[in-house]
Structures are given as C-alpha cells and as structure tokens.
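Dropping final.txt in here (compact mmCIF, C-alpha atoms):
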```
# COMPACT_ATOMS: atom_id res chain seq x y z
CA MET A 655 95.60 35.04 93.06
CA ASN A 656 98.59 37.30 92.73
CA LYS A 657 97.15 40.83 92.58
CA GLU A 658 99.32 41.60 89.56
CA ILE A 659 97.62 38.80 87.62
CA GLN A 660 94.10 40.06 87.17
CA LYS A 661 93.34 37.63 84.35
CA LEU A 662 95.51 34.59 83.62
CA GLY A 663 95.58 33.04 80.16
CA ILE A 664 97.03 29.82 78.79
CA VAL A 665 98.06 29.37 75.16
CA ASP A 666 98.67 25.84 73.85
CA VAL A 667 100.11 25.71 70.32
CA GLY A 668 99.52 21.97 69.79
CA GLY A 669 101.67 20.16 67.25
CA GLY A 670 100.18 16.76 66.45
CA THR A 671 101.28 14.00 68.79
CA ARG A 672 103.86 16.39 70.26
CA GLY A 673 100.82 17.95 71.92
CA ILE A 674 101.30 15.31 74.60
CA TYR A 675 103.86 17.70 76.10
CA GLY A 676 101.10 20.26 76.69
CA ALA A 677 98.93 17.49 78.12
CA GLY A 678 101.66 16.90 80.71
CA VAL A 679 101.86 20.59 81.60
CA LEU A 680 98.09 20.84 81.98
CA ASP A 681 97.88 17.68 84.07
CA TYR A 682 100.43 19.26 86.42
CA CYS A 683 98.23 22.36 86.54
CA MET A 684 95.20 20.28 87.45
CA ASP A 685 97.18 18.44 90.13
CA GLN A 686 98.09 21.79 91.70
CA GLY A 687 94.71 23.44 91.24
CA ILE A 688 96.07 25.97 88.77
CA ARG A 689 93.09 27.20 86.78
CA ALA A 690 93.30 29.86 84.11
CA ASP A 691 90.64 32.45 83.38
CA TYR A 692 91.14 32.06 79.64
CA PHE A 693 92.51 29.34 77.38
CA ILE A 694 93.23 29.40 73.67
CA GLY A 695 94.33 26.29 71.80
CA VAL A 696 95.58 25.51 68.34
CA SER A 697 95.09 22.08 66.77
CA ALA A 698 95.95 19.44 69.39
CA GLY A 699 96.21 22.31 71.86
CA ALA A 700 92.48 22.93 71.40
CA ALA A 701 91.75 19.32 72.36
CA ASN A 702 94.06 19.67 75.37
CA GLY A 703 92.17 22.79 76.40
CA ALA A 704 88.76 21.12 76.20
CA SER A 705 89.81 18.37 78.62
CA TYR A 706 91.50 20.94 80.88
CA ALA A 707 88.37 23.09 80.99
CA ALA A 708 86.31 19.99 81.81
CA GLY A 709 88.74 19.00 84.59
CA GLN A 710 89.48 15.60 83.04
CA ARG A 711 93.02 14.96 84.22
CA GLY A 712 94.84 12.24 82.25
CA ARG A 713 92.27 12.08 79.47
CA ASN A 714 94.55 13.54 76.82
CA LEU A 715 97.37 11.13 77.65
CA VAL A 716 95.20 8.18 76.63
CA PHE A 717 94.44 9.78 73.26
CA TYR A 718 98.11 10.43 72.45
CA ASN A 719 99.65 7.24 73.78
CA ASP A 720 96.90 4.72 73.14
CA TYR A 721 94.18 5.70 70.68
CA ALA A 722 96.63 7.41 68.29
CA PHE A 723 98.09 3.98 67.48
CA ARG A 724 94.79 2.67 66.16
CA LYS A 725 94.20 2.47 62.42
CA ASP A 726 90.82 4.10 62.92
CA TYR A 727 92.58 7.13 64.41
CA MET A 728 95.09 7.81 61.65
CA GLY A 729 96.65 5.89 58.79
CA VAL A 730 96.85 5.40 55.06
CA GLY A 731 93.62 3.41 55.11
CA ASN A 732 91.72 6.47 56.29
CA PHE A 733 93.26 8.55 53.52
CA LEU A 734 92.31 6.05 50.83
CA LYS A 735 88.75 5.66 52.11
CA LYS A 736 87.88 9.21 53.15
CA GLY A 737 90.62 11.48 51.80
CA SER A 738 91.95 12.30 55.27
CA TYR A 739 94.90 10.60 56.98
CA ILE A 740 93.52 11.57 60.39
CA ASN A 741 89.97 10.42 61.13
CA LEU A 742 88.75 13.48 63.00
CA ASP A 743 85.23 12.10 63.35
CA TYR A 744 86.56 8.98 65.06
CA ILE A 745 88.61 11.05 67.53
CA TYR A 746 86.16 13.80 68.39
CA SER A 747 82.86 11.99 67.84
CA THR A 748 83.14 8.20 68.14
CA LEU A 749 85.54 8.33 71.09
CA SER A 750 84.53 11.67 72.61
CA ASP A 751 80.74 11.78 72.36
CA ALA A 752 78.52 10.86 75.29
CA GLY A 753 78.48 7.07 75.29
CA GLY A 754 81.85 6.95 73.54
CA GLU A 755 84.87 5.13 74.85
CA ASN A 756 86.31 8.26 76.48
CA PRO A 757 83.68 11.03 76.41
CA LEU A 758 84.47 14.66 76.93
CA ASP A 759 82.58 15.89 79.98
CA TYR A 760 80.57 18.48 78.10
CA GLN A 761 78.54 19.60 81.11
CA SER A 762 81.66 20.33 83.14
CA LEU A 763 83.23 22.06 80.14
CA GLN A 764 80.28 24.43 79.83
CA ALA A 765 79.99 24.94 83.61
CA SER A 766 83.62 26.00 83.89
CA PRO A 767 84.04 29.78 84.26
CA MET A 768 87.14 29.59 82.10
CA GLU A 769 86.84 31.12 78.64
CA LEU A 770 87.88 28.72 75.88
CA GLU A 771 88.81 29.68 72.33
CA ILE A 772 89.74 27.40 69.45
CA VAL A 773 91.77 28.61 66.47
CA ALA A 774 91.00 27.35 62.97
CA THR A 775 91.89 28.64 59.50
CA ASN A 776 89.20 29.42 56.96
CA ALA A 777 90.31 27.39 53.92
CA ASP A 778 88.78 29.88 51.47
CA THR A 779 90.20 33.08 52.98
CA GLY A 780 93.32 31.83 54.77
CA ARG A 781 92.33 33.88 57.81
CA ALA A 782 92.15 32.80 61.43
CA VAL A 783 88.74 32.13 62.94
CA TYR A 784 88.24 31.89 66.70
CA PHE A 785 85.52 29.59 67.98
CA ASN A 786 84.43 29.49 71.62
CA LYS A 787 82.40 27.29 73.96
CA LYS A 788 79.14 28.60 72.54
CA ASP A 789 80.11 27.03 69.21
CA LEU A 790 80.32 23.58 70.79
CA GLY A 791 77.43 21.35 71.72
CA GLN A 792 76.81 18.01 73.34
CA ASN A 793 78.24 15.57 70.79
CA PHE A 794 79.17 18.49 68.53
CA TYR A 795 82.89 19.22 68.55
CA ASP A 796 83.35 20.23 64.92
CA PRO A 797 85.37 23.40 65.75
CA ILE A 798 87.99 21.21 67.44
CA LYS A 799 88.05 18.93 64.40
CA ALA A 800 88.52 21.98 62.18
CA SER A 801 91.41 23.24 64.28
CA CYS A 802 93.14 19.84 64.01
CA CYS A 803 92.67 19.46 60.25
CA VAL A 804 96.20 19.21 58.82
CA PRO A 805 96.29 20.57 55.24
CA VAL A 806 97.02 18.12 52.41
CA LEU A 807 96.99 15.16 54.82
CA CYS A 808 93.33 15.94 55.44
CA LYS A 809 90.64 17.47 53.32
CA PRO A 810 89.25 20.63 54.96
CA TYR A 811 86.74 20.06 57.70
CA PRO A 812 83.41 21.91 57.32
CA VAL A 813 81.71 23.82 60.12
CA ASP A 814 78.33 25.22 59.12
CA GLY A 815 79.26 24.65 55.50
CA ILE A 816 82.56 26.56 55.66
CA PRO A 817 85.77 24.56 55.11
CA TYR A 818 88.55 24.87 57.68
CA PHE A 819 92.17 23.81 58.16
CA ASP A 820 94.53 23.68 61.13
CA GLY A 821 94.60 26.93 63.12
CA GLY A 822 98.40 26.83 63.17
CA ILE A 823 98.45 27.96 59.54
CA SER A 824 97.08 31.42 60.33
CA ASP A 825 97.86 32.01 64.03
CA PRO A 826 100.50 29.54 65.24
CA ILE A 827 101.17 31.19 68.64
CA PRO A 828 97.96 33.09 69.46
CA PHE A 829 99.12 34.95 72.57
CA ARG A 830 98.02 38.30 71.12
CA ARG A 831 94.46 37.02 71.11
CA ALA A 832 94.82 36.23 74.83
CA PHE A 833 95.91 39.78 75.60
CA GLN A 834 93.08 41.14 73.46
CA ALA A 835 90.74 39.10 75.65
CA GLY A 836 92.01 41.03 78.67
CA CYS A 837 94.65 38.66 80.02
CA THR A 838 97.33 40.41 82.06
CA LYS A 839 99.68 37.42 82.03
CA VAL A 840 99.87 34.37 79.77
CA ILE A 841 101.40 30.94 80.07
CA VAL A 842 102.46 29.80 76.59
CA ILE A 843 103.01 26.09 75.98
CA LEU A 844 105.24 25.40 72.99
CA THR A 845 105.97 21.94 71.59
CA LYS A 846 109.34 22.85 70.12
CA PRO A 847 112.32 24.20 72.10
CA ARG A 848 112.06 27.88 72.97
CA ASP A 849 115.03 28.71 70.73
CA PHE A 850 113.55 26.88 67.72
CA PHE A 851 112.81 29.11 64.74
CA ARG A 852 111.09 27.66 61.69
CA GLU A 853 112.73 27.56 58.29
CA GLU A 854 110.64 30.05 56.36
CA ASP A 855 110.38 27.82 53.29
CA ALA A 856 109.83 24.57 55.17
CA ASP A 857 106.23 24.28 53.94
CA ARG A 858 106.94 24.89 50.25
CA ARG A 859 105.94 21.37 49.11
CA LEU A 860 102.66 21.51 50.99
CA VAL A 861 102.03 24.98 49.58
CA LEU A 862 102.40 23.69 46.02
CA LEU A 863 99.94 20.88 46.68
CA LEU A 864 97.44 23.14 48.40
CA LYS A 865 97.42 26.28 46.27
CA ARG A 866 95.52 24.90 43.28
CA LYS A 867 92.33 24.32 45.24
CA TYR A 868 92.83 26.62 48.23
CA PRO A 869 95.14 29.46 47.14
CA LYS A 870 94.43 31.70 50.14
CA ALA A 871 95.12 28.93 52.62
CA ALA A 872 98.28 28.09 50.67
CA GLN A 873 99.36 31.71 50.90
CA ALA A 874 98.86 31.67 54.68
CA LEU A 875 100.79 28.41 54.91
CA GLN A 876 103.63 29.95 52.91
CA GLN A 877 103.84 32.75 55.48
CA ARG A 878 103.59 30.47 58.51
CA GLY A 879 107.34 30.33 59.13
CA LYS A 880 107.66 34.12 59.13
CA VAL A 881 104.58 34.54 61.33
CA TYR A 882 105.78 31.91 63.81
CA ASN A 883 109.26 33.40 64.06
CA ARG A 884 107.99 36.95 64.44
CA SER A 885 105.54 35.82 67.12
CA LEU A 886 108.22 33.91 69.01
CA ARG A 887 110.57 36.91 69.05
CA GLU A 888 107.78 39.09 70.42
CA LEU A 889 106.88 36.44 72.98
CA LEU A 890 110.47 36.21 74.24
CA LYS A 891 110.41 39.97 74.84
CA LEU A 892 107.13 39.68 76.74
CA GLU A 893 108.66 37.01 78.92
CA LYS A 894 111.52 39.36 79.86
CA GLU A 895 108.91 41.98 80.75
CA GLY A 896 107.19 39.50 83.07
CA LYS A 897 104.01 39.35 81.00
CA ALA A 898 104.48 35.79 79.75
CA ILE A 899 105.78 32.45 80.98
CA ILE A 900 107.09 30.17 78.23
CA ILE A 901 107.03 26.43 78.86
CA ALA A 902 108.82 24.49 76.13
CA PRO A 903 110.55 21.11 75.85
CA SER A 904 114.35 21.05 75.91
CA ASP A 905 114.14 18.60 73.01
CA THR A 906 111.48 16.52 71.29
CA GLY A 907 113.67 13.54 70.45
CA ASN A 908 112.57 11.77 67.29
CA LEU A 909 108.99 12.98 67.49
CA ARG A 910 107.59 14.73 64.46
CA THR A 911 104.02 15.97 64.06
CA LEU A 912 102.39 12.53 63.73
CA THR A 913 105.09 10.21 65.11
CA GLN A 914 103.86 7.10 66.91
CA ASP A 915 106.39 5.99 69.53
CA HIS A 916 105.11 4.99 72.98
CA ASP A 917 108.39 5.55 74.82
CA GLU A 918 109.12 8.91 73.24
CA LEU A 919 105.56 10.12 73.75
CA LEU A 920 105.57 9.13 77.41
CA ARG A 921 108.98 10.78 77.86
CA LEU A 922 107.63 14.03 76.43
CA TYR A 923 104.53 13.84 78.64
CA GLU A 924 106.63 13.41 81.77
CA MET A 925 108.87 16.27 80.62
CA GLY A 926 105.77 18.43 80.35
CA LYS A 927 104.80 17.68 83.95
CA ARG A 928 108.33 18.41 85.21
CA ASP A 929 108.63 21.59 83.18
CA GLY A 930 105.25 22.71 84.45
CA GLU A 931 106.47 22.31 88.01
CA ASN A 932 109.79 24.01 87.31
CA ARG A 933 108.28 26.99 85.51
CA LEU A 934 105.04 27.44 87.44
CA GLY A 935 105.91 26.11 90.90
CA PRO A 936 107.71 29.26 92.10
CA GLU A 937 104.69 31.42 91.29
CA PHE A 938 101.70 29.09 91.40
CA GLY A 939 102.90 26.33 93.69
CA PRO A 940 101.05 25.07 96.78
CA GLY A 941 100.74 27.64 99.54
CA ARG A 942 101.77 30.59 97.38
CA ILE A 943 99.59 33.58 96.54
CA GLY A 944 99.83 32.74 92.85
CA LYS A 945 97.75 29.61 93.36
CA ILE A 946 94.35 29.86 91.71
```
Go ahead and express the file in the form of structure tokens.
Amino acid sequence: MNKEIQKLGIVDVGGGTRGIYGAGVLDYCMDQGIRADYFIGVSAGAANGASYAAGQRGRNLVFYNDYAFRKDYMGVGNFLKKGSYINLDYIYSTLSDAGGENPLDYQSLQASPMELEIVATNADTGRAVYFNKKDLGQNFYDPIKASCCVPVLCKPYPVDGIPYFDGGISDPIPFRRAFQAGCTKVIVILTKPRDFFREEDADRRLVLLLKRKYPKAAQALQQRGKVYNRSLRELLKLEKEGKAIIIAPSDTGNLRTLTQDHDELLRLYEMGKRDGENRLGPEFGPGRIGKI
C-alpha cells in the first residue's frame, strides 16, 4: 500500500436504487483487488458494504436490477399489508439469510479484517447510531434493515426494541466518522453528481407527515439538506488536500430514489465501474504501489 495511506476508508452514501452506482464502483474494486481497511455505509450503501466485505462480487447488482422489481420487495401492496412500502424483511432475511435465494456470506463477512459500520437514525432522538459487524449475526441483519428504512414510506424498523430510520437523515455523508476511526484517506461514493447541492426545504412534506409521531426524527430530516450541503463543501476541500477521492455519477438520468428501470439501472451500474477505474486506477491500479 502507498505509505501515505496508512488506513484506507470507503464511504458509500446509498440512495435507494441509485445505490447500484456504488455497487458498480465496488465491483470494480473487487476486480482489482482493492480492499479498504474500513467501510461505512448509509442505507443502500450499508448493503453494498456488507457484500463488499464478504467478497461477493455482483451480488448487489442482482438485488437492484432483478429482485427490486418484485412486488414482495417493494410496492403499494406491502404498504397496505404491513405499513412499509419496502419489505425490508424480504430483502435482508428471506433473500439474504442462509438458505435464501441469494444469501450473504456471513462467515466471510466476519472473517474479513475490514471494519464495517452501518449508519441508522434513532427515530426517537433523531441522532445517528453506528452499528458494526458485532451487531450482526447469522441470519440477523436488522441494523442494515434499520439503515435502509425510508421515513414515511416505511414504519421505523426496531433493533433491540429501539425504532430506527434511514441513516441518511442524520449523517448523509459520514466521512467524518471514517477519519475518527483513524482513516488517513477516504474514497467517498456519492449517488448524485459531485456538484449537486440539496434544496434545503426539499423534505418539508415528509417532515410534516413525520413530526407528529417522531418529532426529533422530523427535526433531523428538516436539517438534512443543510447537513448534506455543509458536508459536501467540506468534502470537496478535503479532496483538494488529497485526503479524499470523490466518485460520483455525471448524471443519474431519470432515476429517483426508488425508480425501477432496468436500462437506466444497468447504465448507472456500468458508469460506476468506469468511474471507479477512472478515479482509482491511477493510484490503485494493477502493478501500482497503491494496490491493496
């Protein structure tokens, strides 16, 4: 490894089905043997990180561009039956458990020396909570479900009796956490263009729907735009200082958070692989000292 990079971190911000972009970047990393010392994921980024830690190349692609089109995965029927548009138990239990259709390799995940953290938001306090591999178990991936729990579209997901929402509410670009963990350089995977800044009142309708039952989470959601924009500005400065590498799509086409479009999803996945090569190849490419 490059002597200047004593501890390499990867941050994946997720973003619903747009998380397929990060899946492309990480598949490129696995193709090239690029392994981080630390990984932190938000929402879909947490799921990406679990497969990456387990060394399961291509696994995430199937979830985004195949399983996500199933009614059991997400749809109005789920919302009417269970109060959640996204069936998190179907995704991270039925499909992912040992004996499931596409199980997460839990043994490889735990054997990996890479640290893994998962960001979720405590629905009662509105504060970020960081789970790690010790909080997971064979056929127990509730922290990942919690991190992927989109407010309003889903009822909060409980972990040990505490309700949680999507980690992106409280810590949308958790690179600071990576540096606190001792990383000397971080690769940050965004799922919006690098010059995209959120409208600070974009979540106002969701805030109104959420605040009656979960006022603290609603307050955090109301601040998400400001927090995201402030974090992105800081991240851009860190990139200029050589402490961060930002990998972001040039555009996301018609894809929104839960868009189902095979062609657009595959296009974004392939873009992720290309961008991974373009941004990481010069430093971590084959035959270079940056290779891990």
Go through segment 696-773 of chain A and flag each residue having an atom no more than 7 Å from segment 820-840 of chain A; for those, report the closest pair of atoms plus their distance in Å to one decimal, using only C-alpha atoms, ordered by chain and rising number, as JSON lines.
```
{"residue": "A:Val696", "atom": "CA", "partner": "A:Gly821", "partner_atom": "CA", "distance": 5.5}
{"residue": "A:Ser697", "atom": "CA", "partner": "A:Asp820", "partner_atom": "CA", "distance": 5.9}
{"residue": "A:Val773", "atom": "CA", "partner": "A:Gly821", "partner_atom": "CA", "distance": 4.7}
```
Open item on the list: Restricting the calculation to only C-alpha atoms: of A:Thr779, A:Asn719, A:Ser747, A:Ser738, which residue gets closest to Pro869 of chain A?
Closed with: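 Residue with the minimum atom-to-atom distance to Pro869 of chain A: A:Thr779.
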- [ ] Can you pull out every residue within 9 Å of Glu931 of chain A, counting all atoms listed in the file, but drop anything in the same chain fewer than 5 positions away, and send it as a list in words?
- [x]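 Contacts, with the query itself left out: Val679, Tyr682, Cys683, Gly926, Pro936, Phe938 and Gly939 of chain A.
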Write to file, as an mmCIF file, in the coordinates of the input, the residues of the selection just made, with C-alpha atoms.
```cif
data_model
loop_
_atom_site.group_PDB
_atom_site.id
_atom_site.type_symbol
_atom_site.label_atom_id
_atom_site.label_comp_id
_atom_site.auth_asym_id
_atom_site.auth_seq_id
_atom_site.Cartn_x
_atom_site.Cartn_y
_atom_site.Cartn_z
ATOM 1 C CA VAL A 679 101.860 20.590 81.600
ATOM 2 C CA TYR A 682 100.430 19.260 86.420
ATOM 3 C CA CYS A 683 98.230 22.360 86.540
ATOM 4 C CA GLY A 926 105.770 18.430 80.350
ATOM 5 C CA PRO A 936 107.710 29.260 92.100
ATOM 6 C CA PHE A 938 101.700 29.090 91.400
ATOM 7 C CA GLY A 939 102.900 26.330 93.690
#
```
Open item on the list: Between atom CA of Leu864 of chain A and atom CA of Asp915 of chain A, what is the distance in Å, rounded to a tenth?
Closed with: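 Taking atom CA of Leu864 of chain A and atom CA of Asp915 of chain A, their separation equals 28.6 Å.
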Open item on the list: Between atom CA of Gly896 of chain A and atom CA of Lys927 of chain A, what is the distance in Å, rounded to a tenth?
Closed with: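 Interatomic distance here is 22.0 Å.
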Task: Pick from A:Gly676, A:Gly737, A:Gly668, A:Pro757 nearest to Arg928 of chain A, counting all atoms listed in the file - done: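 With all atoms listed in the file as the atom set, the closest residue is A:Gly676.
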Open item on the list: Nearest residue to Arg711 of chain A out of A:Met684, A:Arg921, A:Tyr746, A:Ile674, using only C-alpha atoms?
Closed with: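 Closest residue, counting only C-alpha atoms: A:Met684.
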Show me, as a PDB file with C-alpha atoms, keeping the file's coordinate frame, the residues that have an atom within 7 Å of segment 787-795 of chain A when counting all atoms listed in the file, minus same-chain residues fewer than 2 positions from it.
```pdb
ATOM      1  CA  TYR A 746      86.160  13.800  68.390  1.00  0.00           C
ATOM      2  CA  SER A 747      82.860  11.990  67.840  1.00  0.00           C
ATOM      3  CA  ASP A 751      80.740  11.780  72.360  1.00  0.00           C
ATOM      4  CA  ALA A 752      78.520  10.860  75.290  1.00  0.00           C
ATOM      5  CA  TYR A 760      80.570  18.480  78.100  1.00  0.00           C
ATOM      6  CA  GLN A 764      80.280  24.430  79.830  1.00  0.00           C
ATOM      7  CA  LEU A 770      87.880  28.720  75.880  1.00  0.00           C
ATOM      8  CA  PHE A 785      85.520  29.590  67.980  1.00  0.00           C
ATOM      9  CA  PRO A 797      85.370  23.400  65.750  1.00  0.00           C
ATOM     10  CA  ILE A 798      87.990  21.210  67.440  1.00  0.00           C
ATOM     11  CA  LYS A 799      88.050  18.930  64.400  1.00  0.00           C
TER      12      LYS A 799
END
```
Counting only C-alpha atoms, find residues at most 12 Å from (90.6, 7.4, 77.4) (file frame) and give them as an mmCIF file with C-alpha atoms, in the coordinates of the input.
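Written out: part32.cif:
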```cif
data_model
loop_
_atom_site.group_PDB
_atom_site.id
_atom_site.type_symbol
_atom_site.label_atom_id
_atom_site.label_comp_id
_atom_site.auth_asym_id
_atom_site.auth_seq_id
_atom_site.Cartn_x
_atom_site.Cartn_y
_atom_site.Cartn_z
ATOM 1 C CA SER A 705 89.810 18.370 78.620
ATOM 2 C CA GLN A 710 89.480 15.600 83.040
ATOM 3 C CA ARG A 711 93.020 14.960 84.220
ATOM 4 C CA GLY A 712 94.840 12.240 82.250
ATOM 5 C CA ARG A 713 92.270 12.080 79.470
ATOM 6 C CA ASN A 714 94.550 13.540 76.820
ATOM 7 C CA LEU A 715 97.370 11.130 77.650
ATOM 8 C CA VAL A 716 95.200 8.180 76.630
ATOM 9 C CA PHE A 717 94.440 9.780 73.260
ATOM 10 C CA TYR A 718 98.110 10.430 72.450
ATOM 11 C CA ASN A 719 99.650 7.240 73.780
ATOM 12 C CA ASP A 720 96.900 4.720 73.140
ATOM 13 C CA TYR A 721 94.180 5.700 70.680
ATOM 14 C CA ALA A 722 96.630 7.410 68.290
ATOM 15 C CA ILE A 745 88.610 11.050 67.530
ATOM 16 C CA TYR A 746 86.160 13.800 68.390
ATOM 17 C CA THR A 748 83.140 8.200 68.140
ATOM 18 C CA LEU A 749 85.540 8.330 71.090
ATOM 19 C CA SER A 750 84.530 11.670 72.610
ATOM 20 C CA ASP A 751 80.740 11.780 72.360
ATOM 21 C CA GLY A 754 81.850 6.950 73.540
ATOM 22 C CA GLU A 755 84.870 5.130 74.850
ATOM 23 C CA ASN A 756 86.310 8.260 76.480
ATOM 24 C CA PRO A 757 83.680 11.030 76.410
ATOM 25 C CA LEU A 758 84.470 14.660 76.930
ATOM 26 C CA ASP A 759 82.580 15.890 79.980
#
```
- [ ] Write out as a list in words each polymer residue whose atoms come within 7 Å of Ile694 of chain A, counting only C-alpha atoms; drop sequence neighbours fewer than 5 positions from it.
- [x]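 Here the answer would be Ile664, Val665, Asp666, Ala700, Leu770, Glu771 and Ile772 of chain A.
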Grab the residues selected above and save them as a PDB file, in the coordinates of the input with C-alpha atoms.
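Output file result-v4.pdb follows:
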```
ATOM      1  CA  ILE A 664      97.030  29.820  78.790  1.00  0.00           C
ATOM      2  CA  VAL A 665      98.060  29.370  75.160  1.00  0.00           C
ATOM      3  CA  ASP A 666      98.670  25.840  73.850  1.00  0.00           C
ATOM      4  CA  ALA A 700      92.480  22.930  71.400  1.00  0.00           C
ATOM      5  CA  LEU A 770      87.880  28.720  75.880  1.00  0.00           C
ATOM      6  CA  GLU A 771      88.810  29.680  72.330  1.00  0.00           C
ATOM      7  CA  ILE A 772      89.740  27.400  69.450  1.00  0.00           C
TER       8      ILE A 772
END
```
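Using only C-alpha atoms, the smallest distance between any of A:Gly729, A:Gly678, A:Gly935, A:Gly695 and Gly663 of chain A comes from A:Gly695.
Using all atoms listed in the file, the shortest contact distance between Ala856 of chain A and any of A:Leu875, A:Met728, A:Ala777, A:Ile843 is found at A:Leu875.
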Task: Atom pair atom CA of Ala690 of chain A / atom CA of Lys661 of chain A: separation (Å) - done: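 Separation between atom CA of Ala690 of chain A and atom CA of Lys661 of chain A: 7.8 Å.
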